[in-house]
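Asks: This is start_12.csv (CSV, C-alpha atoms and all ligand atoms).
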```
chain,number,residue,atom,x,y,z
A,1,MET,CA,14.5,19.1,3.8
A,2,ALA,CA,14.3,20.8,0.4
A,3,ARG,CA,12.1,19.1,-2.2
A,4,GLY,CA,13.2,19.0,-5.8
A,5,LYS,CA,11.1,18.9,-8.9
A,6,LYS,CA,7.8,17.2,-9.0
A,7,ILE,CA,8.4,13.8,-10.8
A,8,TYR,CA,4.9,12.3,-10.7
A,9,GLU,CA,1.5,12.9,-9.2
A,10,GLY,CA,-0.7,9.8,-8.6
A,11,LYS,CA,-4.1,9.4,-7.1
A,12,ALA,CA,-2.9,9.3,-3.4
A,13,LYS,CA,0.7,10.5,-3.6
A,14,ILE,CA,3.1,13.0,-5.2
A,15,LEU,CA,6.7,12.1,-5.8
A,16,TYR,CA,9.4,14.8,-5.8
A,17,GLU,CA,13.1,14.6,-6.5
A,18,GLY,CA,15.0,14.0,-3.2
A,19,PRO,CA,17.9,15.9,-1.8
A,20,GLU,CA,20.5,13.4,-3.1
A,21,PRO,CA,20.7,11.4,-6.3
A,22,GLY,CA,18.9,8.1,-5.9
A,23,THR,CA,16.4,9.5,-3.4
A,24,ILE,CA,12.8,10.6,-3.8
A,25,ILE,CA,10.4,12.4,-1.5
A,26,GLN,CA,7.0,10.7,-1.3
A,27,TYR,CA,4.1,13.1,-0.3
A,28,PHE,CA,0.9,11.5,1.0
A,29,LYS,CA,-2.3,13.3,-0.1
A,30,ASP,CA,-5.7,13.3,1.6
A,31,ASP,CA,-7.4,12.2,-1.6
A,32,ALA,CA,-9.3,9.0,-1.7
A,33,THR,CA,-10.3,7.3,-4.9
A,34,ALA,CA,-11.9,4.1,-5.8
A,35,TYR,CA,-13.2,2.2,-8.9
A,36,ASN,CA,-10.4,3.6,-11.0
A,37,ALA,CA,-11.0,7.2,-9.7
A,38,GLU,CA,-14.7,7.2,-10.6
A,39,LYS,CA,-15.4,7.7,-6.9
A,40,ARG,CA,-13.3,10.4,-5.2
A,41,ASP,CA,-13.2,12.5,-2.0
A,42,VAL,CA,-10.8,14.3,0.2
A,43,ILE,CA,-10.5,12.7,3.7
A,44,ASP,CA,-8.9,15.0,6.3
A,45,GLY,CA,-6.0,13.2,8.0
A,46,LYS,CA,-5.7,10.2,5.6
A,47,GLY,CA,-2.4,11.3,4.2
A,48,ALA,CA,-0.8,11.7,7.6
A,49,LEU,CA,-2.2,8.4,8.8
A,50,ASN,CA,-0.9,6.5,5.7
A,51,ASN,CA,2.5,8.2,6.0
A,52,ARG,CA,2.9,7.0,9.6
A,53,LEU,CA,1.4,3.5,9.0
A,54,SER,CA,3.5,2.9,5.8
A,55,GLU,CA,6.6,4.0,7.8
A,56,PHE,CA,5.7,1.6,10.6
A,57,PHE,CA,5.2,-1.4,8.3
A,58,MET,CA,8.3,-0.7,6.1
A,59,VAL,CA,10.6,-0.2,9.1
A,60,GLY,CA,9.3,-3.5,10.5
A,61,LEU,CA,10.0,-5.2,7.2
A,62,ASN,CA,13.5,-3.8,7.0
A,63,THR,CA,14.1,-5.0,10.6
A,64,VAL,CA,13.2,-8.6,9.7
A,65,GLY,CA,15.3,-8.5,6.6
A,66,VAL,CA,12.7,-7.8,3.9
A,67,PRO,CA,14.2,-4.9,1.8
A,68,THR,CA,12.1,-1.9,1.2
A,69,HIS,CA,12.6,1.5,-0.4
A,70,PHE,CA,11.9,3.3,2.9
A,71,LEU,CA,14.7,5.5,4.3
A,72,LYS,CA,13.1,7.9,6.8
A,73,ARG,CA,10.0,9.9,7.5
A,74,LEU,CA,10.5,13.6,7.1
A,75,ASN,CA,7.3,15.1,8.5
A,76,MET,CA,3.6,14.4,8.9
A,77,ARG,CA,3.1,13.9,5.1
A,78,GLU,CA,6.4,13.1,3.6
A,79,GLN,CA,9.0,10.3,3.7
A,80,LEU,CA,12.3,9.9,2.0
A,81,VAL,CA,12.6,6.7,-0.1
A,82,ARG,CA,15.1,5.1,-2.4
A,83,ALA,CA,14.5,5.7,-6.1
A,84,CYS,CA,13.8,2.5,-7.9
A,85,GLU,CA,12.5,1.2,-11.2
A,86,ILE,CA,9.0,0.1,-10.5
A,87,ILE,CA,8.0,-3.3,-12.0
A,88,PRO,CA,4.7,-2.6,-13.7
A,89,LEU,CA,2.7,-5.1,-11.7
A,90,GLU,CA,0.4,-4.9,-8.7
A,91,VAL,CA,1.3,-7.9,-6.6
A,92,ILE,CA,-1.7,-9.1,-4.6
A,93,VAL,CA,-1.7,-11.6,-1.8
A,94,ARG,CA,-4.9,-13.1,-0.5
A,95,ASN,CA,-5.5,-15.1,2.7
A,96,PHE,CA,-9.3,-14.9,2.6
A,97,ALA,CA,-11.6,-14.4,-0.4
A,98,ALA,CA,-12.8,-10.8,-0.8
A,99,GLY,CA,-13.3,-8.1,-3.4
A,100,SER,CA,-12.6,-8.9,-7.0
A,101,MET,CA,-11.6,-12.5,-6.3
A,102,ALA,CA,-14.8,-13.2,-4.4
A,103,SER,CA,-16.9,-11.8,-7.3
A,104,ARG,CA,-14.7,-13.3,-10.1
A,105,LEU,CA,-14.8,-16.8,-8.7
A,106,GLY,CA,-18.2,-16.7,-6.9
A,107,ILE,CA,-16.7,-17.3,-3.5
A,108,GLU,CA,-18.4,-15.9,-0.4
A,109,GLU,CA,-16.4,-12.9,1.1
A,110,GLY,CA,-14.5,-14.0,4.1
A,111,THR,CA,-13.9,-17.6,3.1
A,112,ALA,CA,-10.5,-18.7,4.2
A,113,LEU,CA,-8.3,-19.8,1.3
A,114,PRO,CA,-6.4,-23.1,1.7
A,115,ARG,CA,-3.1,-21.2,1.2
A,116,PRO,CA,-2.1,-17.7,0.4
A,117,VAL,CA,-3.0,-16.9,-3.2
A,118,VAL,CA,-0.7,-14.5,-5.2
A,119,GLU,CA,-2.2,-12.6,-8.1
A,120,TYR,CA,-0.7,-10.1,-10.5
A,121,CYS,CA,-2.4,-7.1,-12.1
A,122,LEU,CA,-0.8,-5.0,-14.8
A,123,LYS,CA,-0.3,-1.4,-13.5
A,124,ASP,CA,-2.3,0.5,-16.2
A,125,ASP,CA,-5.1,2.8,-15.1
A,126,LYS,CA,-6.4,3.2,-18.6
A,127,LEU,CA,-7.1,-0.6,-18.7
A,128,GLY,CA,-8.3,-0.7,-15.1
A,129,ASP,CA,-5.3,-2.7,-13.8
A,130,PRO,CA,-6.3,-6.0,-15.5
A,131,LEU,CA,-5.4,-9.4,-13.9
A,132,VAL,CA,-2.5,-11.0,-15.8
A,133,THR,CA,-0.9,-14.4,-15.6
A,134,GLU,CA,2.8,-15.3,-15.4
A,135,GLU,CA,2.6,-16.3,-19.1
A,136,HIS,CA,1.6,-12.7,-20.0
A,137,ILE,CA,4.4,-11.3,-17.7
A,138,ALA,CA,7.0,-13.5,-19.4
A,139,ALA,CA,5.7,-13.1,-22.9
A,140,PHE,CA,5.6,-9.3,-22.7
A,141,GLY,CA,8.8,-9.0,-20.7
A,142,TRP,CA,7.3,-7.1,-17.8
A,143,ALA,CA,9.5,-9.1,-15.5
A,144,SER,CA,12.0,-12.0,-15.9
A,145,GLN,CA,11.7,-15.5,-14.4
A,146,GLN,CA,14.3,-14.6,-11.7
A,147,ASP,CA,12.3,-11.4,-10.9
A,148,MET,CA,9.1,-13.5,-10.6
A,149,ASP,CA,10.8,-15.9,-8.1
A,150,ASP,CA,12.0,-12.9,-6.1
A,151,ILE,CA,8.7,-11.1,-6.2
A,152,LEU,CA,6.9,-14.3,-5.0
A,153,SER,CA,9.3,-14.7,-2.1
A,154,LEU,CA,9.0,-11.0,-1.2
A,155,ALA,CA,5.2,-11.1,-1.3
A,156,LEU,CA,5.0,-14.2,0.9
A,157,ARG,CA,7.5,-12.7,3.4
A,158,VAL,CA,5.5,-9.5,3.6
A,159,ASN,CA,2.3,-11.6,4.1
A,160,ASP,CA,3.8,-13.5,7.0
A,161,PHE,CA,5.1,-10.4,8.7
A,162,MET,CA,1.9,-8.3,8.2
A,163,SER,CA,-0.5,-11.2,9.1
A,164,GLY,CA,1.4,-11.8,12.4
A,165,LEU,CA,1.6,-8.1,13.2
A,166,MET,CA,-2.1,-7.6,12.5
A,167,TYR,CA,-3.2,-10.8,14.3
A,168,GLY,CA,-1.4,-9.4,17.4
A,169,VAL,CA,-3.7,-6.4,17.5
A,170,GLY,CA,-6.9,-8.4,16.7
A,171,ILE,CA,-7.0,-7.7,13.0
A,172,LYS,CA,-7.3,-10.2,10.2
A,173,LEU,CA,-5.2,-9.4,7.1
A,174,VAL,CA,-7.6,-10.5,4.4
A,175,ASP,CA,-5.5,-9.4,1.4
A,176,PHE,CA,-3.1,-6.7,0.3
A,177,LYS,CA,-1.2,-5.2,-2.6
A,178,ILE,CA,2.4,-4.4,-2.9
A,179,GLU,CA,4.6,-2.8,-5.6
A,180,VAL,CA,8.1,-4.0,-6.2
A,181,GLY,CA,11.0,-1.9,-7.5
A,182,ARG,CA,14.5,-2.7,-8.9
A,183,VAL,CA,17.6,-1.0,-7.5
A,184,TYR,CA,21.1,-1.3,-8.8
A,185,GLU,CA,24.1,-1.7,-6.4
A,186,GLY,CA,27.3,-1.8,-8.3
A,187,ASP,CA,27.2,-4.8,-10.6
A,188,PHE,CA,24.2,-6.2,-8.8
A,189,GLN,CA,20.5,-5.5,-8.9
A,190,ARG,CA,17.8,-6.5,-6.5
A,191,LEU,CA,14.1,-6.1,-5.9
A,192,ILE,CA,12.7,-4.3,-2.9
A,193,VAL,CA,9.2,-3.4,-1.6
A,194,ALA,CA,8.2,0.0,-2.9
A,195,ASP,CA,5.3,2.4,-3.0
A,196,GLU,CA,3.3,2.2,0.3
A,197,ILE,CA,1.7,-0.4,2.6
A,198,SER,CA,-1.3,1.1,4.3
A,199,PRO,CA,-5.0,0.5,4.9
A,200,ASP,CA,-5.4,2.0,1.3
A,201,SER,CA,-3.7,-1.1,-0.1
A,202,CYS,CA,-4.8,-3.8,2.4
A,203,ARG,CA,-8.1,-5.4,3.6
A,204,LEU,CA,-8.2,-5.4,7.4
A,205,TRP,CA,-11.1,-6.8,9.3
A,206,ASP,CA,-11.5,-6.7,13.1
A,207,ILE,CA,-11.3,-10.4,14.2
A,208,GLU,CA,-14.1,-10.2,16.7
A,209,THR,CA,-16.7,-8.0,15.0
A,210,GLY,CA,-15.7,-8.2,11.3
A,211,ARG,CA,-15.6,-4.4,11.2
A,212,LYS,CA,-13.8,-3.2,8.1
A,213,LEU,CA,-10.8,-1.0,8.9
A,214,ASP,CA,-9.5,-0.3,5.4
A,215,LYS,CA,-10.4,1.5,2.1
A,216,ASP,CA,-13.6,-0.6,1.7
A,217,VAL,CA,-15.1,1.8,4.2
A,218,PHE,CA,-14.8,4.4,1.5
A,219,ARG,CA,-15.5,2.2,-1.5
A,220,ARG,CA,-18.7,0.8,0.1
A,221,ASP,CA,-19.8,3.9,2.1
A,222,LEU,CA,-19.5,2.1,5.4
A,223,GLY,CA,-18.7,5.1,7.6
A,224,ASN,CA,-15.7,7.4,8.4
A,225,LEU,CA,-12.5,6.3,6.7
A,226,ALA,CA,-10.2,8.4,8.9
A,227,ASP,CA,-11.8,6.8,12.0
A,228,ALA,CA,-11.1,3.3,10.6
A,229,TYR,CA,-7.5,4.1,9.8
A,230,THR,CA,-7.0,5.8,13.2
A,231,GLU,CA,-8.2,2.6,14.9
A,232,VAL,CA,-5.6,0.6,13.0
A,233,ALA,CA,-2.9,3.2,14.0
A,234,ARG,CA,-4.1,3.3,17.6
A,235,ARG,CA,-4.0,-0.5,18.0
A,236,LEU,CA,-0.5,-0.7,16.6
A,237,GLY,CA,0.6,2.2,18.9
A,238,VAL,CA,1.6,4.2,15.8
A,239,MET,CA,-0.4,7.3,16.5
A,240,PRO,CA,-1.7,7.5,20.0
A,241,VAL,CA,-3.2,11.0,19.5
A,242,ASN,CA,-6.1,11.3,17.2
A,243,ALA,CA,-4.4,13.1,14.4
A,244,THR,CA,-7.5,13.1,12.2
A,245,ARG,CA,-9.2,15.6,14.4
A,246,MET,CA,-6.6,18.3,13.8
A,247,GLU,CA,-8.5,21.5,13.3
A,248,LYS,CA,-7.7,23.8,10.3
A,249,PRO,CA,-6.3,27.2,11.4
A,250,LYS,CA,-9.1,29.6,12.5
A,251,LEU,CA,-9.2,33.4,12.1
A,252,ILE,CA,-9.2,35.1,15.5
A,253,ASN,CA,-11.2,38.3,15.6
A,301,LIG,P1,-9.3,-6.4,-5.3
A,301,LIG,O1,-10.1,-7.4,-4.5
A,301,LIG,O2,-10.0,-5.2,-5.7
A,301,LIG,O3,-8.6,-7.1,-6.5
A,301,LIG,O4,-8.0,-5.9,-4.4
A,301,LIG,C1,-7.2,-6.8,-3.7
A,301,LIG,C2,-6.4,-6.1,-2.7
A,301,LIG,O5,-5.4,-5.3,-3.4
A,301,LIG,C3,-7.1,-5.1,-1.8
A,301,LIG,O6,-6.5,-5.1,-0.5
A,301,LIG,C4,-6.9,-3.8,-2.5
A,301,LIG,C5,-5.5,-3.9,-3.1
A,301,LIG,N1,-5.4,-3.2,-4.4
A,301,LIG,C6,-4.8,-2.0,-4.4
A,301,LIG,O7,-4.5,-1.4,-3.3
A,301,LIG,N2,-4.7,-1.3,-5.6
A,301,LIG,C7,-5.1,-1.9,-6.8
A,301,LIG,O8,-4.9,-1.2,-7.8
A,301,LIG,C8,-5.6,-3.2,-6.8
A,301,LIG,C9,-6.0,-3.9,-8.0
A,301,LIG,C10,-5.8,-3.8,-5.5
```
How does this structure look as structure tokens?
Replies:
Amino acid sequence: MARGKKIYEGKAKILYEGPEPGTIIQYFKDDATAYNAEKRDVIDGKGALNNRLSEFFMVGLNTVGVPTHFLKRLNMREQLVRACEIIPLEVIVRNFAAGSMASRLGIEEGTALPRPVVEYCLKDDKLGDPLVTEEHIAAFGWASQQDMDDILSLALRVNDFMSGLMYGVGIKLVDFKIEVGRVYEGDFQRLIVADEISPDSCRLWDIETGRKLDKDVFRRDLGNLADAYTEVARRLGVMPVNATRMEKPKLIN
């Protein structure tokens, strides 16, 4: 499928104009970044794994009635998605304390939270995606009260779906981040899950051993990131062949 003009290049993905108005091609790069891109590397196979995993989660969400931007996967690294207006918030849902919440509130990592906790960060790399409250969101007009009700409902539905799916393959969904976009349909508008859902944007711990199977492997130098993502894909039956071991072309003499 012919790609149009490049629209945007982020840390892990590139967006191109899609073949029809209202569509976008999302290209998954192998680049890994952490700590606001202070730490960076290229991990062979990561883009392909995230493309397949995000497809798997988004198709599952669409099937259970949670609307997403996903239309179809095009190839190993690209997927066709609906264009939408991204709400400038990172929506985080936490089931267990970890990462910034654990350090901010002095709670031991892995502590079960009494109920899922939803947090919002402003999408602004220059500011390091600061945590914001609903008061900030309303005061600065980043989203309306109706949007916030819809975002909360979407986030909790994604949490229920993803927690159950992961539990079924022996993985604990510790926390995750989603982005939400607005689409217009005639006189109506609605919010849908956008961007990606992958081990880049979730914390996934093996239930038995506690082994981390997400981007913390890269952030905290805990081993091979592609191996961890491959394990998630293998358990979900998404990628039975080990795609991270694809060799680069070799010159034959
Ligand atoms: P945190 O503990 O660093 O706040 O992250 C919570 C979860 O949200 C974790 O699964 C990583 C994810 N996340 C992103 O994917 N991108 C982001 O920009 C942020 C702030 C969090």
Asks: Of the candidates A:Gln146, A:Thr230, A:Thr68, A:Thr33, which one gets nearest to ligand LIG 301 (chain A) if we count all atoms listed in the file?
Replies: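 Nearest candidate to ligand LIG 301 (chain A) out of A:Gln146, A:Thr230, A:Thr68, A:Thr33: A:Thr33.
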Asks: Identify, counting only C-alpha atoms and all ligand atoms, the protein, DNA and RNA residues located within 7 Å of ligand LIG 301 (chain A), and give them as a ChimeraX atom specification.
Replies: /A:90,92,98-101,121,129,175-177,200-203
Asks: Between A:Gln26, A:Ser153, A:Asn159, A:Asn50, which has the minimum distance to Arg94 (chain A) (counting all atoms listed in the file)?
Replies: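 Comparing A:Gln26, A:Ser153, A:Asn159, A:Asn50 against Arg94 (chain A), the winner is A:Asn159.
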Asks: Rounded to one decimal, what separation in Å do you get between CA of Arg115 (chain A) and CA of Leu156 (chain A)?
Replies: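 Computing it gives 10.7 Å between the two atoms.
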Asks: Between CA of Leu89 (chain A) and CA of Lys126 (chain A), what is the distance, to one decimal in Å?
Replies: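 Going from CA of Leu89 (chain A) over to CA of Lys126 (chain A) covers 14.1 Å.
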Asks: Would you compute the box with edges along x, y and z of the file around region 80-96 of chain A, including every atom the file lists for it and 3 Å extra on each side, and give its centre and edge lengths in Å to one decimal, as lines of an AutoDock Vina configuration file?
Replies:
```
center_x = 2.9
center_y = -2.6
center_z = -5.5
size_x = 30.4
size_y = 31.0
size_z = 22.4
```
Asks: Just how far from CA of Met166 (chain A) is CA of Ala233 (chain A), in Å to one decimal?
Replies: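 Rounded to one decimal, the two atoms are 10.9 Å apart.
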Asks: From the list A:Leu213, A:Gly168, A:Gly22, A:Glu208, which residue is nearest Ala226 (chain A) when using all atoms listed in the file?
Replies: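 Result for the nearest residue to Ala226 (chain A): A:Leu213.
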Asks: Taking 2 positions as the minimum chain separation for residues in the same chain, which residues sit within 10 Å of region 42-49 of chain A when counting only C-alpha atoms? Answer as an NGL selection string.
Replies: :A and (12-13 or 27-33 or 40 or 51-55 or 75-78 or 198-200 or 218 or 224-227 or 229-230 or 232-233 or 238-239 or 242-248)
Asks: Find the residues near Leu127 (chain A): any atom within 12 Å, counting only C-alpha atoms, skip ones fewer than 5 places away on the same chain, and give them as a list in words.
Replies: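 Result of the neighbour search: Tyr35, Asn36, Cys121, Leu122 and Val132 of chain A.
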Asks: From the set A:Leu191, A:Val66, A:Ala143, A:Leu80, which residue has the shortest atom-to-atom contact distance to Tyr16 (chain A), counting all atoms listed in the file?
Replies: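 Of A:Leu191, A:Val66, A:Ala143, A:Leu80, the one nearest Tyr16 (chain A) is A:Leu80, counting all atoms listed in the file.
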Asks: Restricting the calculation to only C-alpha atoms, which member of A:Cys84, A:Leu236, A:Met162, A:Leu74 is positioned closest to Glu185 (chain A)?
Replies: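 Ranking A:Cys84, A:Leu236, A:Met162, A:Leu74 by distance to Glu185 (chain A), first place goes to A:Cys84.
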Asks: For Leu154 (chain A), work out the shell of residues within 10 Å, counting only C-alpha atoms and skipping chain neighbours fewer than 2 positions away, then give it as a list in words.
Replies: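 Counting only the stated atoms, we get Val66, Pro67, Thr68, Val91, Met148, Asp149, Asp150, Ile151, Leu152, Leu156, Arg157, Val158, Asn159, Ile178, Val180, Leu191, Ile192 and Val193 of chain A.
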Asks: Just to be explicit: take each residue in the selection above, keep C-alpha atoms, and write the result as a tab-separated table (two decimals), in the coordinates of the input.
Replies:
```
chain	number	residue	atom	x	y	z
A	66	VAL	CA	12.70	-7.80	3.90
A	67	PRO	CA	14.20	-4.90	1.80
A	68	THR	CA	12.10	-1.90	1.20
A	91	VAL	CA	1.30	-7.90	-6.60
A	148	MET	CA	9.10	-13.50	-10.60
A	149	ASP	CA	10.80	-15.90	-8.10
A	150	ASP	CA	12.00	-12.90	-6.10
A	151	ILE	CA	8.70	-11.10	-6.20
A	152	LEU	CA	6.90	-14.30	-5.00
A	156	LEU	CA	5.00	-14.20	0.90
A	157	ARG	CA	7.50	-12.70	3.40
A	158	VAL	CA	5.50	-9.50	3.60
A	159	ASN	CA	2.30	-11.60	4.10
A	178	ILE	CA	2.40	-4.40	-2.90
A	180	VAL	CA	8.10	-4.00	-6.20
A	191	LEU	CA	14.10	-6.10	-5.90
A	192	ILE	CA	12.70	-4.30	-2.90
A	193	VAL	CA	9.20	-3.40	-1.60
```
Asks: Set the distance at 12 Å and use only C-alpha atoms: which residues neighbour Tyr167 (chain A) once local chain neighbours fewer than 2 positions away are removed? I'd like the list as a PyMOL selection string.
Replies: chain A and resi 159-165+169-174+204-208+232+235-236
Asks: Can you work out which one of A:His69, A:Lys123, A:His136, A:Lys5 has the shortest atom-to-atom distance to Val183 (chain A), counting all atoms listed in the file?
Replies: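 Of all the options, A:His69 lies closest to Val183 (chain A).
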Asks: Skipping near chain neighbours, those fewer than 4 positions away, what residues fall within 10 Å of Pro19 (chain A) using all atoms listed in the file, listed as an mmCIF file with C-alpha atoms, in the coordinates of the input?
Replies:
```cif
data_model
loop_
_atom_site.group_PDB
_atom_site.id
_atom_site.type_symbol
_atom_site.label_atom_id
_atom_site.label_comp_id
_atom_site.auth_asym_id
_atom_site.auth_seq_id
_atom_site.Cartn_x
_atom_site.Cartn_y
_atom_site.Cartn_z
ATOM 1 C CA MET A 1 14.500 19.100 3.800
ATOM 2 C CA ALA A 2 14.300 20.800 0.400
ATOM 3 C CA ARG A 3 12.100 19.100 -2.200
ATOM 4 C CA GLY A 4 13.200 19.000 -5.800
ATOM 5 C CA THR A 23 16.400 9.500 -3.400
ATOM 6 C CA ILE A 24 12.800 10.600 -3.800
ATOM 7 C CA ILE A 25 10.400 12.400 -1.500
ATOM 8 C CA LEU A 80 12.300 9.900 2.000
#
```
Asks: Where atoms are missing, can you supply N, CA, C and O atoms for region 1-12 of chain A and output the lot as an mmCIF file, keeping the file's coordinate frame?
Replies:
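Saved file rebuild00.cif follows:
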```
data_model
loop_
_atom_site.group_PDB
_atom_site.id
_atom_site.type_symbol
_atom_site.label_atom_id
_atom_site.label_comp_id
_atom_site.auth_asym_id
_atom_site.auth_seq_id
_atom_site.Cartn_x
_atom_site.Cartn_y
_atom_site.Cartn_z
ATOM 1 N N MET A 1 13.606 19.561 4.882
ATOM 2 C CA MET A 1 14.500 19.100 3.800
ATOM 3 C C MET A 1 13.886 19.631 2.444
ATOM 4 O O MET A 1 12.676 19.560 2.219
ATOM 5 N N ALA A 2 14.776 20.168 1.605
ATOM 6 C CA ALA A 2 14.300 20.800 0.400
ATOM 7 C C ALA A 2 13.817 19.748 -0.613
ATOM 8 O O ALA A 2 14.503 18.766 -0.866
ATOM 9 N N ARG A 3 12.611 19.989 -1.133
ATOM 10 C CA ARG A 3 12.100 19.100 -2.200
ATOM 11 C C ARG A 3 12.632 19.561 -3.518
ATOM 12 O O ARG A 3 12.781 20.743 -3.754
ATOM 13 N N GLY A 4 12.865 18.601 -4.413
ATOM 14 C CA GLY A 4 13.200 19.000 -5.800
ATOM 15 C C GLY A 4 12.002 19.061 -6.646
ATOM 16 O O GLY A 4 10.892 19.265 -6.162
ATOM 17 N N LYS A 5 12.213 18.862 -7.933
ATOM 18 C CA LYS A 5 11.100 18.900 -8.900
ATOM 19 C C LYS A 5 10.071 17.874 -8.698
ATOM 20 O O LYS A 5 10.406 16.765 -8.269
ATOM 21 N N LYS A 6 8.820 18.199 -9.037
ATOM 22 C CA LYS A 6 7.800 17.200 -9.000
ATOM 23 C C LYS A 6 8.076 16.152 -10.103
ATOM 24 O O LYS A 6 8.319 16.551 -11.247
ATOM 25 N N ILE A 7 8.072 14.847 -9.754
ATOM 26 C CA ILE A 7 8.400 13.800 -10.800
ATOM 27 C C ILE A 7 7.060 13.215 -11.281
ATOM 28 O O ILE A 7 6.915 12.902 -12.461
ATOM 29 N N TYR A 8 6.102 13.043 -10.353
ATOM 30 C CA TYR A 8 4.900 12.300 -10.700
ATOM 31 C C TYR A 8 3.808 12.597 -9.703
ATOM 32 O O TYR A 8 4.091 12.726 -8.507
ATOM 33 N N GLU A 9 2.582 12.739 -10.182
ATOM 34 C CA GLU A 9 1.500 12.900 -9.200
ATOM 35 C C GLU A 9 0.481 11.737 -9.503
ATOM 36 O O GLU A 9 -0.047 11.600 -10.609
ATOM 37 N N GLY A 10 0.262 10.904 -8.485
ATOM 38 C CA GLY A 10 -0.700 9.800 -8.600
ATOM 39 C C GLY A 10 -1.980 10.147 -7.880
ATOM 40 O O GLY A 10 -2.206 11.299 -7.518
ATOM 41 N N LYS A 11 -2.828 9.114 -7.662
ATOM 42 C CA LYS A 11 -4.100 9.400 -7.100
ATOM 43 C C LYS A 11 -3.987 9.716 -5.573
ATOM 44 O O LYS A 11 -4.726 10.545 -5.055
ATOM 45 N N ALA A 12 -3.030 9.099 -4.896
ATOM 46 C CA ALA A 12 -2.900 9.300 -3.400
ATOM 47 C C ALA A 12 -1.574 9.897 -3.021
ATOM 48 O O ALA A 12 -1.401 10.229 -1.844
#
```
